[in-house]
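J.: Next up, model_9.cif (mmCIF, C-alpha atoms and all ligand atoms).
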```
data_structure
#
loop_
_atom_site.label_atom_id
_atom_site.label_comp_id
_atom_site.auth_asym_id
_atom_site.auth_seq_id
_atom_site.Cartn_x
_atom_site.Cartn_y
_atom_site.Cartn_z
CA MET A 1 21.64 -9.76 -62.58
CA PRO A 2 22.69 -10.14 -58.92
CA GLU A 3 21.00 -7.62 -56.64
CA LYS A 4 23.20 -4.73 -55.52
CA PRO A 5 24.03 -4.56 -51.80
CA PRO A 6 22.21 -1.70 -50.02
CA ARG A 7 23.66 1.75 -50.67
CA ILE A 8 25.95 3.24 -48.04
CA PHE A 9 25.72 7.04 -48.19
CA LEU A 10 28.47 9.51 -47.42
CA SER A 11 26.75 11.43 -44.63
CA PRO A 12 23.01 10.83 -44.43
CA PRO A 13 20.58 12.41 -41.95
CA HIS A 14 20.27 10.62 -38.60
CA MET A 15 17.05 11.34 -36.73
CA CYS A 16 16.79 10.58 -33.02
CA GLY A 17 13.02 10.01 -32.99
CA ARG A 18 11.93 12.96 -30.87
CA GLU A 19 11.82 15.26 -33.89
CA ARG A 20 8.39 13.80 -34.79
CA GLU A 21 7.06 14.53 -31.32
CA TYR A 22 8.25 18.16 -31.54
CA ILE A 23 6.81 18.56 -35.04
CA GLY A 24 3.60 17.14 -33.58
CA HIS A 25 3.54 20.02 -31.07
CA VAL A 26 4.00 22.50 -33.92
CA PHE A 27 1.02 21.01 -35.76
CA ASP A 28 -1.10 20.82 -32.60
CA GLN A 29 -0.47 24.51 -31.98
CA ASN A 30 -0.73 25.45 -35.68
CA TRP A 31 2.65 27.21 -35.63
CA ILE A 32 3.28 26.36 -39.31
CA ALA A 33 4.98 29.67 -39.78
CA PRO A 34 8.39 31.13 -40.43
CA VAL A 35 8.49 32.31 -36.82
CA GLY A 36 7.09 30.82 -33.63
CA PRO A 37 8.01 29.49 -30.20
CA HIS A 38 10.04 26.55 -31.49
CA LEU A 39 12.24 28.88 -33.48
CA THR A 40 12.93 30.97 -30.40
CA LYS A 41 13.57 27.86 -28.32
CA PHE A 42 15.95 26.44 -30.94
CA GLU A 43 17.88 29.72 -31.08
CA GLN A 44 18.18 29.89 -27.31
CA ALA A 45 19.27 26.27 -26.93
CA PHE A 46 21.76 26.68 -29.75
CA ALA A 47 23.30 29.87 -28.35
CA GLU A 48 23.62 28.15 -24.98
CA ARG A 49 25.29 25.11 -26.56
CA ILE A 50 27.84 27.28 -28.37
CA GLY A 51 28.32 29.58 -25.39
CA VAL A 52 27.38 32.82 -27.11
CA ALA A 53 24.78 35.39 -26.14
CA HIS A 54 22.74 35.40 -29.37
CA ALA A 55 21.79 33.21 -32.32
CA ALA A 56 19.53 33.79 -35.34
CA ALA A 57 18.09 30.79 -37.19
CA VAL A 58 17.98 31.17 -40.96
CA ALA A 59 17.17 29.13 -44.04
CA SER A 60 20.75 27.90 -44.68
CA GLY A 61 24.37 28.25 -43.71
CA THR A 62 24.85 30.26 -46.88
CA ALA A 63 22.17 32.72 -45.75
CA ALA A 64 23.89 33.04 -42.36
CA LEU A 65 27.20 33.90 -44.04
CA HIS A 66 25.46 36.29 -46.42
CA LEU A 67 23.76 38.23 -43.63
CA ALA A 68 27.01 38.50 -41.63
CA LEU A 69 28.69 40.02 -44.69
CA ARG A 70 25.64 42.20 -45.41
CA TYR A 71 25.96 43.73 -41.94
CA LEU A 72 29.44 44.98 -42.85
CA ASN A 73 27.99 47.08 -45.69
CA LEU A 74 30.59 45.98 -48.23
CA GLN A 75 31.10 48.19 -51.26
CA PRO A 76 31.65 46.89 -54.80
CA GLY A 77 35.30 45.99 -55.22
CA ASP A 78 36.03 45.52 -51.51
CA GLU A 79 38.18 42.49 -50.83
CA VAL A 80 37.32 39.67 -48.42
CA LEU A 81 39.84 36.97 -47.51
CA CYS A 82 38.47 33.43 -47.67
CA SER A 83 39.86 29.92 -47.22
CA THR A 84 40.49 28.30 -50.59
CA PHE A 85 40.07 24.72 -49.40
CA THR A 86 36.31 24.77 -48.85
CA PHE A 87 32.89 24.44 -50.44
CA CYS A 88 31.79 27.22 -52.80
CA ALA A 89 29.16 28.46 -50.31
CA SER A 90 31.93 29.96 -48.15
CA ALA A 91 32.77 32.42 -50.93
CA ASN A 92 29.53 32.83 -52.90
CA PRO A 93 28.01 35.38 -50.47
CA ILE A 94 31.10 37.57 -50.94
CA VAL A 95 30.19 37.73 -54.62
CA TYR A 96 26.49 38.34 -53.82
CA GLU A 97 27.73 41.55 -52.16
CA LYS A 98 29.79 42.48 -55.27
CA ALA A 99 32.97 42.17 -53.21
CA ILE A 100 36.03 40.23 -54.36
CA PRO A 101 37.25 37.05 -52.66
CA VAL A 102 40.98 36.69 -52.12
CA PHE A 103 41.74 33.05 -51.43
CA ILE A 104 44.14 31.94 -48.72
CA ASP A 105 45.88 28.58 -48.71
CA SER A 106 45.62 25.99 -45.92
CA ASP A 107 48.36 25.01 -43.54
CA ALA A 108 49.35 21.37 -43.78
CA GLU A 109 48.73 20.66 -40.08
CA THR A 110 45.04 21.61 -39.94
CA TRP A 111 43.99 22.01 -43.61
CA ASN A 112 42.51 25.35 -42.53
CA MET A 113 43.41 28.94 -43.40
CA ASP A 114 47.11 29.54 -42.75
CA PRO A 115 47.47 32.45 -40.27
CA GLN A 116 50.98 33.18 -41.53
CA LEU A 117 49.67 33.79 -45.05
CA VAL A 118 46.87 35.98 -43.68
CA GLU A 119 49.47 38.08 -41.88
CA GLU A 120 51.52 38.50 -45.05
CA GLU A 121 48.44 39.44 -47.06
CA LEU A 122 47.20 41.95 -44.46
CA GLU A 123 50.61 43.58 -44.20
CA GLN A 124 50.78 43.98 -47.96
CA ALA A 125 47.18 45.23 -48.13
CA HIS A 126 48.02 47.76 -45.41
CA GLN A 127 50.96 48.99 -47.48
CA ARG A 128 48.73 49.21 -50.55
CA GLY A 129 46.38 51.33 -48.44
CA ARG A 130 43.28 49.15 -48.79
CA LEU A 131 42.60 46.44 -46.23
CA PRO A 132 40.13 43.60 -46.82
CA ARG A 133 36.78 44.20 -45.13
CA ALA A 134 36.49 40.73 -43.54
CA ILE A 135 38.00 37.27 -43.26
CA VAL A 136 35.83 34.21 -43.88
CA ALA A 137 37.73 31.53 -41.98
CA VAL A 138 36.39 28.02 -42.50
CA ASP A 139 36.49 25.15 -39.97
CA ILE A 140 37.01 22.54 -42.62
CA LEU A 141 35.60 19.00 -42.48
CA GLY A 142 34.79 19.38 -38.79
CA GLN A 143 38.09 20.78 -37.56
CA SER A 144 38.38 24.28 -36.13
CA ALA A 145 40.63 26.83 -37.74
CA ASP A 146 43.25 28.34 -35.44
CA ILE A 147 40.99 31.24 -34.56
CA ALA A 148 43.26 32.75 -31.87
CA ALA A 149 46.19 32.90 -34.30
CA LEU A 150 43.94 34.43 -36.96
CA ARG A 151 42.54 36.91 -34.47
CA ARG A 152 45.99 38.04 -33.34
CA VAL A 153 46.68 39.10 -36.92
CA ALA A 154 43.18 40.31 -37.83
CA ASP A 155 42.78 42.40 -34.67
CA ARG A 156 46.02 44.26 -35.45
CA PHE A 157 44.37 45.53 -38.63
CA ALA A 158 40.80 45.66 -37.22
CA VAL A 159 39.47 43.18 -39.78
CA PRO A 160 36.48 41.13 -38.48
CA ILE A 161 36.47 37.34 -38.70
CA ILE A 162 33.37 35.53 -39.89
CA GLU A 163 33.86 31.90 -38.95
CA ASP A 164 32.30 29.47 -41.40
CA ALA A 165 31.58 26.67 -38.93
CA ALA A 166 29.05 24.98 -41.23
CA GLU A 167 30.83 21.62 -40.99
CA ALA A 168 32.15 21.83 -37.44
CA LEU A 169 29.20 21.96 -35.04
CA GLY A 170 30.10 20.02 -31.88
CA ALA A 171 33.86 20.34 -32.36
CA THR A 172 35.97 22.26 -29.85
CA TYR A 173 38.66 24.90 -30.03
CA ASN A 174 40.90 25.51 -27.02
CA GLY A 175 38.34 23.77 -24.81
CA LYS A 176 35.39 25.87 -26.05
CA PRO A 177 32.70 24.92 -28.55
CA VAL A 178 33.63 25.83 -32.12
CA GLY A 179 32.02 29.12 -33.06
CA ALA A 180 32.47 30.80 -29.69
CA SER A 181 35.83 32.45 -30.35
CA SER A 182 35.23 34.74 -33.33
CA TRP A 183 33.11 37.84 -33.90
CA THR A 184 30.44 35.71 -35.53
CA SER A 185 30.04 32.11 -36.65
CA ALA A 186 27.76 30.49 -39.21
CA PHE A 187 26.45 26.93 -38.98
CA SER A 188 24.61 24.73 -41.46
CA PHE A 189 21.84 22.17 -40.88
CA ASN A 190 21.90 20.91 -44.44
CA GLY A 191 20.89 17.27 -44.81
CA ASN A 192 24.50 16.08 -44.92
CA LYS A 193 25.64 17.85 -41.73
CA ILE A 194 26.22 16.36 -38.29
CA ILE A 195 22.72 17.45 -37.28
CA THR A 196 20.12 18.54 -39.77
CA THR A 197 16.81 20.32 -40.20
CA SER A 198 16.82 19.18 -43.85
CA GLY A 199 17.93 22.70 -44.68
CA GLY A 200 18.77 25.50 -42.30
CA GLY A 201 21.47 27.57 -40.70
CA MET A 202 22.36 29.66 -37.67
CA LEU A 203 24.34 32.83 -37.15
CA CYS A 204 25.87 33.14 -33.65
CA SER A 205 27.51 36.07 -31.94
CA ASN A 206 27.91 38.01 -28.72
CA ASP A 207 27.19 41.10 -30.82
CA GLN A 208 23.51 41.72 -30.13
CA LYS A 209 23.18 44.36 -32.85
CA LEU A 210 24.47 41.95 -35.49
CA ILE A 211 22.01 39.23 -34.54
CA GLU A 212 19.04 41.60 -34.22
CA HIS A 213 19.86 43.05 -37.64
CA THR A 214 20.19 39.52 -39.02
CA ARG A 215 16.66 38.63 -37.85
CA PHE A 216 15.38 41.92 -39.29
CA LEU A 217 17.00 41.39 -42.70
CA ALA A 218 15.99 37.70 -42.75
CA THR A 219 12.30 38.62 -42.48
CA GLN A 220 12.10 41.10 -45.37
CA ALA A 221 13.39 44.05 -43.33
CA LYS A 222 9.99 45.40 -42.35
CA ASP A 223 10.47 48.53 -40.25
CA PRO A 224 8.67 48.48 -36.87
CA GLY A 225 5.11 49.79 -37.02
CA PRO A 226 1.70 48.80 -38.33
CA ILE A 227 2.32 49.48 -42.03
CA TYR A 228 4.61 47.75 -44.52
CA HIS A 229 7.38 50.32 -44.43
CA HIS A 230 10.89 49.40 -45.66
CA SER A 231 14.09 51.38 -45.36
CA HIS A 232 16.36 48.40 -46.13
CA ILE A 233 16.34 45.68 -48.78
CA GLY A 234 15.64 42.47 -46.90
CA TYR A 235 15.56 38.76 -47.60
CA ASN A 236 13.19 35.88 -47.01
CA TYR A 237 15.84 33.93 -45.12
CA ARG A 238 14.19 32.92 -41.82
CA LEU A 239 14.12 29.27 -40.76
CA SER A 240 10.59 27.94 -40.49
CA ASN A 241 9.17 27.10 -37.08
CA VAL A 242 8.45 23.55 -38.34
CA LEU A 243 12.11 22.96 -39.14
CA ALA A 244 13.18 24.54 -35.86
CA ALA A 245 11.25 21.75 -34.10
CA VAL A 246 13.42 19.23 -35.98
CA GLY A 247 16.49 21.21 -34.92
CA ILE A 248 15.51 21.07 -31.24
CA GLY A 249 15.38 17.27 -31.37
CA GLN A 250 18.64 17.04 -33.28
CA LEU A 251 20.50 19.38 -30.96
CA GLU A 252 19.61 17.15 -28.00
CA VAL A 253 21.73 14.35 -29.50
CA LEU A 254 24.63 16.41 -30.82
CA ASP A 255 27.16 14.97 -28.37
CA GLU A 256 26.14 11.43 -29.30
CA ARG A 257 26.52 12.29 -32.97
CA VAL A 258 30.02 13.65 -32.44
CA ALA A 259 31.02 10.54 -30.49
CA ALA A 260 29.64 8.26 -33.22
CA ARG A 261 31.45 10.13 -36.01
CA ARG A 262 34.66 10.02 -34.02
CA ARG A 263 34.22 6.24 -33.60
CA VAL A 264 33.85 5.88 -37.37
CA ALA A 265 37.03 7.92 -37.91
CA GLN A 266 38.88 5.81 -35.36
CA TYR A 267 37.76 2.61 -37.06
CA TYR A 268 39.25 3.79 -40.36
CA GLN A 269 42.43 4.85 -38.58
CA ASP A 270 42.78 1.39 -37.04
CA THR A 271 42.14 -0.45 -40.31
CA ILE A 272 42.56 1.33 -43.65
CA CYS A 273 45.21 3.69 -42.33
CA LYS A 274 47.44 0.72 -41.40
CA LEU A 275 47.73 -0.04 -45.13
CA PRO A 276 50.87 1.23 -46.91
CA GLY A 277 50.42 4.67 -48.48
CA ILE A 278 47.21 5.60 -46.63
CA SER A 279 47.03 8.17 -43.87
CA PHE A 280 44.21 10.05 -42.13
CA MET A 281 43.40 13.76 -42.08
CA PRO A 282 45.48 15.26 -39.23
CA GLU A 283 43.79 16.50 -36.05
CA ALA A 284 45.10 19.79 -34.69
CA SER A 285 46.39 19.85 -31.12
CA PHE A 286 44.22 22.83 -30.17
CA GLY A 287 40.83 21.16 -30.43
CA ILE A 288 38.67 18.12 -30.94
CA SER A 289 37.27 17.65 -34.42
CA ASN A 290 33.68 16.47 -34.81
CA ARG A 291 35.03 14.26 -37.65
CA TRP A 292 32.09 15.37 -39.78
CA LEU A 293 33.75 13.59 -42.67
CA SER A 294 36.43 10.91 -42.39
CA VAL A 295 39.08 11.77 -44.95
CA ILE A 296 41.96 9.57 -46.03
CA CYS A 297 45.03 10.65 -48.00
CA VAL A 298 46.28 8.20 -50.56
CA ASP A 299 49.81 7.88 -51.94
CA PRO A 300 49.00 6.04 -55.19
CA VAL A 301 52.51 4.64 -55.65
CA ALA A 302 52.81 3.21 -52.15
CA PHE A 303 49.20 1.98 -52.07
CA GLY A 304 48.86 0.81 -55.66
CA ALA A 305 45.71 2.79 -56.45
CA SER A 306 44.74 6.47 -56.44
CA CYS A 307 41.94 8.06 -54.44
CA GLU A 308 39.91 8.21 -57.66
CA ASP A 309 40.47 4.47 -58.24
CA ILE A 310 39.21 3.82 -54.70
CA ARG A 311 36.19 6.06 -55.24
CA LEU A 312 35.25 4.16 -58.40
CA ALA A 313 35.73 0.78 -56.69
CA LEU A 314 33.51 1.87 -53.79
CA GLU A 315 30.87 3.12 -56.23
CA GLU A 316 30.90 -0.32 -57.91
CA GLU A 317 29.98 -1.72 -54.49
CA ASN A 318 27.19 0.83 -54.08
CA ILE A 319 29.18 2.83 -51.51
CA GLU A 320 29.25 6.61 -51.80
CA SER A 321 32.53 8.44 -51.26
CA ARG A 322 33.63 11.88 -52.46
CA ARG A 323 36.81 13.64 -53.40
CA ALA A 324 37.59 16.46 -50.95
CA TRP A 325 36.94 20.06 -52.03
CA LEU A 326 38.54 21.25 -55.24
CA PRO A 327 40.17 24.49 -53.99
CA LEU A 328 38.12 27.55 -54.84
CA HIS A 329 40.99 29.23 -56.69
CA LYS A 330 40.76 26.31 -59.14
CA GLN A 331 37.03 26.81 -59.77
CA PRO A 332 36.09 28.39 -63.10
CA VAL A 333 33.77 30.87 -61.37
CA PHE A 334 36.66 32.24 -59.32
CA ALA A 335 39.30 32.09 -62.06
CA ASP A 336 39.86 35.86 -61.90
CA CYS A 337 40.41 35.96 -58.13
CA ARG A 338 43.78 36.22 -56.43
CA VAL A 339 45.12 33.36 -54.33
CA VAL A 340 47.81 33.54 -51.67
CA GLY A 341 49.74 30.27 -51.90
CA GLY A 342 47.43 27.46 -53.02
CA GLN A 343 49.77 24.49 -53.34
CA VAL A 344 48.87 22.97 -49.96
CA ALA A 345 45.15 22.94 -50.78
CA GLU A 346 45.90 21.57 -54.25
CA SER A 347 47.96 18.72 -52.85
CA ILE A 348 45.27 17.87 -50.28
CA PHE A 349 42.72 17.75 -53.08
CA GLU A 350 44.95 15.49 -55.19
CA CYS A 351 45.36 12.80 -52.54
CA SER A 352 42.23 12.87 -50.40
CA LEU A 353 38.98 10.94 -50.36
CA CYS A 354 36.01 11.36 -47.99
CA LEU A 355 34.70 7.99 -46.84
CA PRO A 356 31.20 7.27 -45.54
CA SER A 357 31.05 9.03 -42.19
CA GLY A 358 27.45 8.89 -40.98
CA SER A 359 26.72 8.52 -37.29
CA ALA A 360 24.34 5.59 -37.95
CA LEU A 361 26.90 3.39 -39.74
CA GLU A 362 26.90 -0.21 -38.51
CA LEU A 363 30.01 -2.31 -37.98
CA SER A 364 28.97 -4.45 -40.95
CA ASP A 365 28.88 -1.30 -43.15
CA LEU A 366 32.35 -0.31 -42.00
CA GLU A 367 33.65 -3.82 -42.68
CA ARG A 368 32.23 -3.66 -46.21
CA ILE A 369 33.90 -0.30 -46.85
CA VAL A 370 37.28 -1.36 -45.45
CA ALA A 371 37.27 -4.65 -47.36
CA CYS A 372 36.60 -2.79 -50.61
CA VAL A 373 39.43 -0.32 -50.02
CA GLN A 374 41.79 -3.16 -49.09
CA ARG A 375 41.05 -4.92 -52.39
CA CYS A 376 42.19 -1.80 -54.29
CA GLY A 377 45.73 -1.93 -52.87
CA LYS A 378 48.68 -3.91 -54.20
C1 LIG B 401 32.08 24.97 -45.45
C2 LIG B 401 30.66 25.21 -45.80
N1 LIG B 401 30.20 26.47 -45.79
C3 LIG B 401 28.92 26.76 -46.06
C4 LIG B 401 28.02 25.76 -46.36
C5 LIG B 401 26.63 26.17 -46.72
O1 LIG B 401 25.66 25.67 -45.90
P1 LIG B 401 24.16 25.46 -46.47
O2 LIG B 401 24.19 24.28 -47.37
O3 LIG B 401 23.35 25.24 -45.25
O4 LIG B 401 23.80 26.71 -47.18
C6 LIG B 401 28.45 24.43 -46.38
C7 LIG B 401 27.59 23.28 -46.67
O5 LIG B 401 26.65 23.08 -47.23
C8 LIG B 401 29.80 24.14 -46.10
O6 LIG B 401 30.26 22.88 -46.14
#
```
I'd like the structure from this file rewritten - as structure tokens, please.

T.:
Amino acid sequence: MPEKPPRIFLSPPHMCGREREYIGHVFDQNWIAPVGPHLTKFEQAFAERIGVAHAAAVASGTAALHLALRYLNLQPGDEVLCSTFTFCASANPIVYEKAIPVFIDSDAETWNMDPQLVEEELEQAHQRGRLPRAIVAVDILGQSADIAALRRVADRFAVPIIEDAAEALGATYNGKPVGASSWTSAFSFNGNKIITTSGGGMLCSNDQKLIEHTRFLATQAKDPGPIYHHSHIGYNYRLSNVLAAVGIGQLEVLDERVAARRRVAQYYQDTICKLPGISFMPEASFGISNRWLSVICVDPVAFGASCEDIRLALEEENIESRRAWLPLHKQPVFADCRVVGGQVAESIFECSLCLPSGSALELSDLERIVACVQRCGK
């Protein structure tokens, strides 16, 4: 049997080298603990990078979203609006709090939550006499949602926006870093993200009380004082000091990682997207995407193969690609939830494929990927 060519992964971790040195400091100082000076340093550097006053490092992006929702003291049956075109972790913490997600469709220009639909839903909710308690607005695939447009509507009804920026670290919105323009923003350092701590997350905000409460809840909610006294149910959600050291090294190269991912996206745009029936995920005029994932849209008739055909052909060549998110309103676990619109997200799902997007991809890798896609066409 001929040997398979080396695997090309969708979005693998990309270390810069200094992470080992910083972990070395952690070991030298024996700060192998869930808190420590590296954690504080990572939080400070991160808040500075985003341009917010405060940041709390936690075990995952999901934990960050959960603690933001927890702060709002949701009651069973409360509704929370959430993008439908996203990963399940955007909505799962709503369910942890026994609240009910109401899914909102994307707009075709940005693939993010459509502000017009949010306005319609909030007006109707106002008439029904029960407003949603929050909006989880996702910056999907590295592109910011139109936060100002969402805020104009949300502020009218005093509904807070929790920005799920898990995929969009390093992107911009109206000239500012993504995550700086909403009440609070959650980031992920999962292994597949633009920078990683293997697993981890961050909650950012200018609201000091929110971030202090987040740190408190993330460390088992021990009340101040010498004894183990608890007046809240807490969580073991803090990021470890060891992983924070990795995060410090990764954050130093964030701009390089964004530039590299954007180069990968541009390469696909200049090659695959010149083929009939293939186009690239649009980039909104209000910001710069970090191009976390490069996503193509395939018209199977014009191209001669569907996105699933391409995925299978790439897999044959030992190249990982993934279909974009199946909208959450189509997920069995959310079958009972309401959706506002939904057809835009469904049509994006039907046509789109995420290609390998890692910041360490070599030209020879990209050539292999493009050649394989080309062979699928008519
Ligand atoms: C949009 C979105 N939200 C939330 C998360 C959850 O982040 P984590 O895996 O760090 O919990 C992810 C990714 O994993 C994501 O892609």

J.: Can you tell me which residues come within 8 Å of ligand LIG 401 (chain B) when counting all atoms listed in the file, ideally as an mmCIF file with C-alpha atoms, keeping the file's coordinate frame?

T.:
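File written: result_22.cif
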```cif
data_model
loop_
_atom_site.group_PDB
_atom_site.id
_atom_site.type_symbol
_atom_site.label_atom_id
_atom_site.label_comp_id
_atom_site.auth_asym_id
_atom_site.auth_seq_id
_atom_site.Cartn_x
_atom_site.Cartn_y
_atom_site.Cartn_z
ATOM 1 C CA ALA A 59 17.170 29.130 -44.040
ATOM 2 C CA SER A 60 20.750 27.900 -44.680
ATOM 3 C CA GLY A 61 24.370 28.250 -43.710
ATOM 4 C CA THR A 62 24.850 30.260 -46.880
ATOM 5 C CA ALA A 63 22.170 32.720 -45.750
ATOM 6 C CA ALA A 64 23.890 33.040 -42.360
ATOM 7 C CA LEU A 65 27.200 33.900 -44.040
ATOM 8 C CA THR A 86 36.310 24.770 -48.850
ATOM 9 C CA PHE A 87 32.890 24.440 -50.440
ATOM 10 C CA CYS A 88 31.790 27.220 -52.800
ATOM 11 C CA ALA A 89 29.160 28.460 -50.310
ATOM 12 C CA SER A 90 31.930 29.960 -48.150
ATOM 13 C CA VAL A 138 36.390 28.020 -42.500
ATOM 14 C CA ASP A 139 36.490 25.150 -39.970
ATOM 15 C CA ILE A 140 37.010 22.540 -42.620
ATOM 16 C CA LEU A 141 35.600 19.000 -42.480
ATOM 17 C CA ASP A 164 32.300 29.470 -41.400
ATOM 18 C CA ALA A 165 31.580 26.670 -38.930
ATOM 19 C CA ALA A 166 29.050 24.980 -41.230
ATOM 20 C CA GLU A 167 30.830 21.620 -40.990
ATOM 21 C CA ALA A 186 27.760 30.490 -39.210
ATOM 22 C CA PHE A 187 26.450 26.930 -38.980
ATOM 23 C CA SER A 188 24.610 24.730 -41.460
ATOM 24 C CA PHE A 189 21.840 22.170 -40.880
ATOM 25 C CA ASN A 190 21.900 20.910 -44.440
ATOM 26 C CA ASN A 192 24.500 16.080 -44.920
ATOM 27 C CA LYS A 193 25.640 17.850 -41.730
ATOM 28 C CA GLY A 199 17.930 22.700 -44.680
ATOM 29 C CA GLY A 200 18.770 25.500 -42.300
ATOM 30 C CA GLY A 201 21.470 27.570 -40.700
#
```

J.: Can you pull out the residues contacting stretch 122-137 of chain A? Cut-off 6 Å, using only C-alpha atoms, and skip same-chain residues under 5 positions away; I want them as an MDAnalysis selection string.

T.: chainID A and resid 79:83 159:164

J.: Here is a test: counting all atoms listed in the file, which residue of A:Val344, A:Ala68, A:Val102, A:Leu243 is nearest to A:Thr214?

T.: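 When distances to A:Thr214 are compared using all atoms listed in the file, the smallest one comes from A:Ala68.
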
J.: Atom CA of A:Pro5 to atom CA of A:Glu317: how many Å, to one decimal?

T.: 7.1 Å

J.: Just give me the gap between atom CA of A:Val178 and atom CA of A:Ser144 in Å, one decimal is fine.

T.: 6.4 Å

J.: Nearest to A:Gly249 among A:Ile227, A:Met202, A:Ile195, A:Ala148, with distances taken over only C-alpha atoms: which residue is it?

T.: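 Among the listed residues, the smallest separation from A:Gly249 belongs to A:Ile195.
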
J.: Just save stretch 109-161 of chain A with C-alpha atoms, as a CSV table (one decimal), in the first residue's frame.

T.:
```csv
chain,number,residue,atom,x,y,z
A,109,GLU,CA,-23.7,39.8,4.4
A,110,THR,CA,-21.9,38.8,7.6
A,111,TRP,CA,-23.3,35.4,8.5
A,112,ASN,CA,-23.8,36.9,12.0
A,113,MET,CA,-27.0,37.6,14.0
A,114,ASP,CA,-29.3,39.8,11.9
A,115,PRO,CA,-30.0,43.1,13.8
A,116,GLN,CA,-33.3,43.6,12.0
A,117,LEU,CA,-34.6,40.2,13.2
A,118,VAL,CA,-33.5,41.1,16.8
A,119,GLU,CA,-35.4,44.3,16.6
A,120,GLU,CA,-38.6,42.5,15.4
A,121,GLU,CA,-38.2,39.9,18.1
A,122,LEU,CA,-37.6,42.5,20.9
A,123,GLU,CA,-40.6,44.5,19.8
A,124,GLN,CA,-42.8,41.5,19.8
A,125,ALA,CA,-41.4,40.4,23.2
A,126,HIS,CA,-42.1,43.9,24.6
A,127,GLN,CA,-45.7,43.6,23.4
A,128,ARG,CA,-46.0,40.2,25.0
A,129,GLY,CA,-44.7,41.8,28.2
A,130,ARG,CA,-41.7,39.6,28.7
A,131,LEU,CA,-38.3,40.7,27.3
A,132,PRO,CA,-35.4,38.3,26.8
A,133,ARG,CA,-32.8,38.6,29.6
A,134,ALA,CA,-29.8,38.7,27.3
A,135,ILE,CA,-28.5,38.4,23.8
A,136,VAL,CA,-25.6,36.1,23.0
A,137,ALA,CA,-24.2,37.5,19.8
A,138,VAL,CA,-21.6,35.4,18.1
A,139,ASP,CA,-18.7,36.7,16.0
A,140,ILE,CA,-18.8,33.8,13.7
A,141,LEU,CA,-15.7,32.2,12.0
A,142,GLY,CA,-13.6,35.2,12.9
A,143,GLN,CA,-15.8,38.0,11.8
A,144,SER,CA,-17.4,40.5,14.1
A,145,ALA,CA,-21.1,40.8,14.4
A,146,ASP,CA,-22.5,44.3,13.8
A,147,ILE,CA,-22.4,45.1,17.5
A,148,ALA,CA,-23.3,48.8,17.1
A,149,ALA,CA,-26.5,47.9,15.2
A,150,LEU,CA,-27.3,45.2,17.8
A,151,ARG,CA,-26.7,47.6,20.6
A,152,ARG,CA,-28.9,50.3,19.1
A,153,VAL,CA,-31.8,47.8,19.3
A,154,ALA,CA,-30.8,46.1,22.6
A,155,ASP,CA,-30.2,49.4,24.5
A,156,ARG,CA,-33.7,50.5,23.6
A,157,PHE,CA,-35.1,47.6,25.6
A,158,ALA,CA,-32.2,47.5,28.1
A,159,VAL,CA,-31.2,43.9,27.2
A,160,PRO,CA,-27.4,43.2,27.7
A,161,ILE,CA,-25.3,41.8,25.0
```
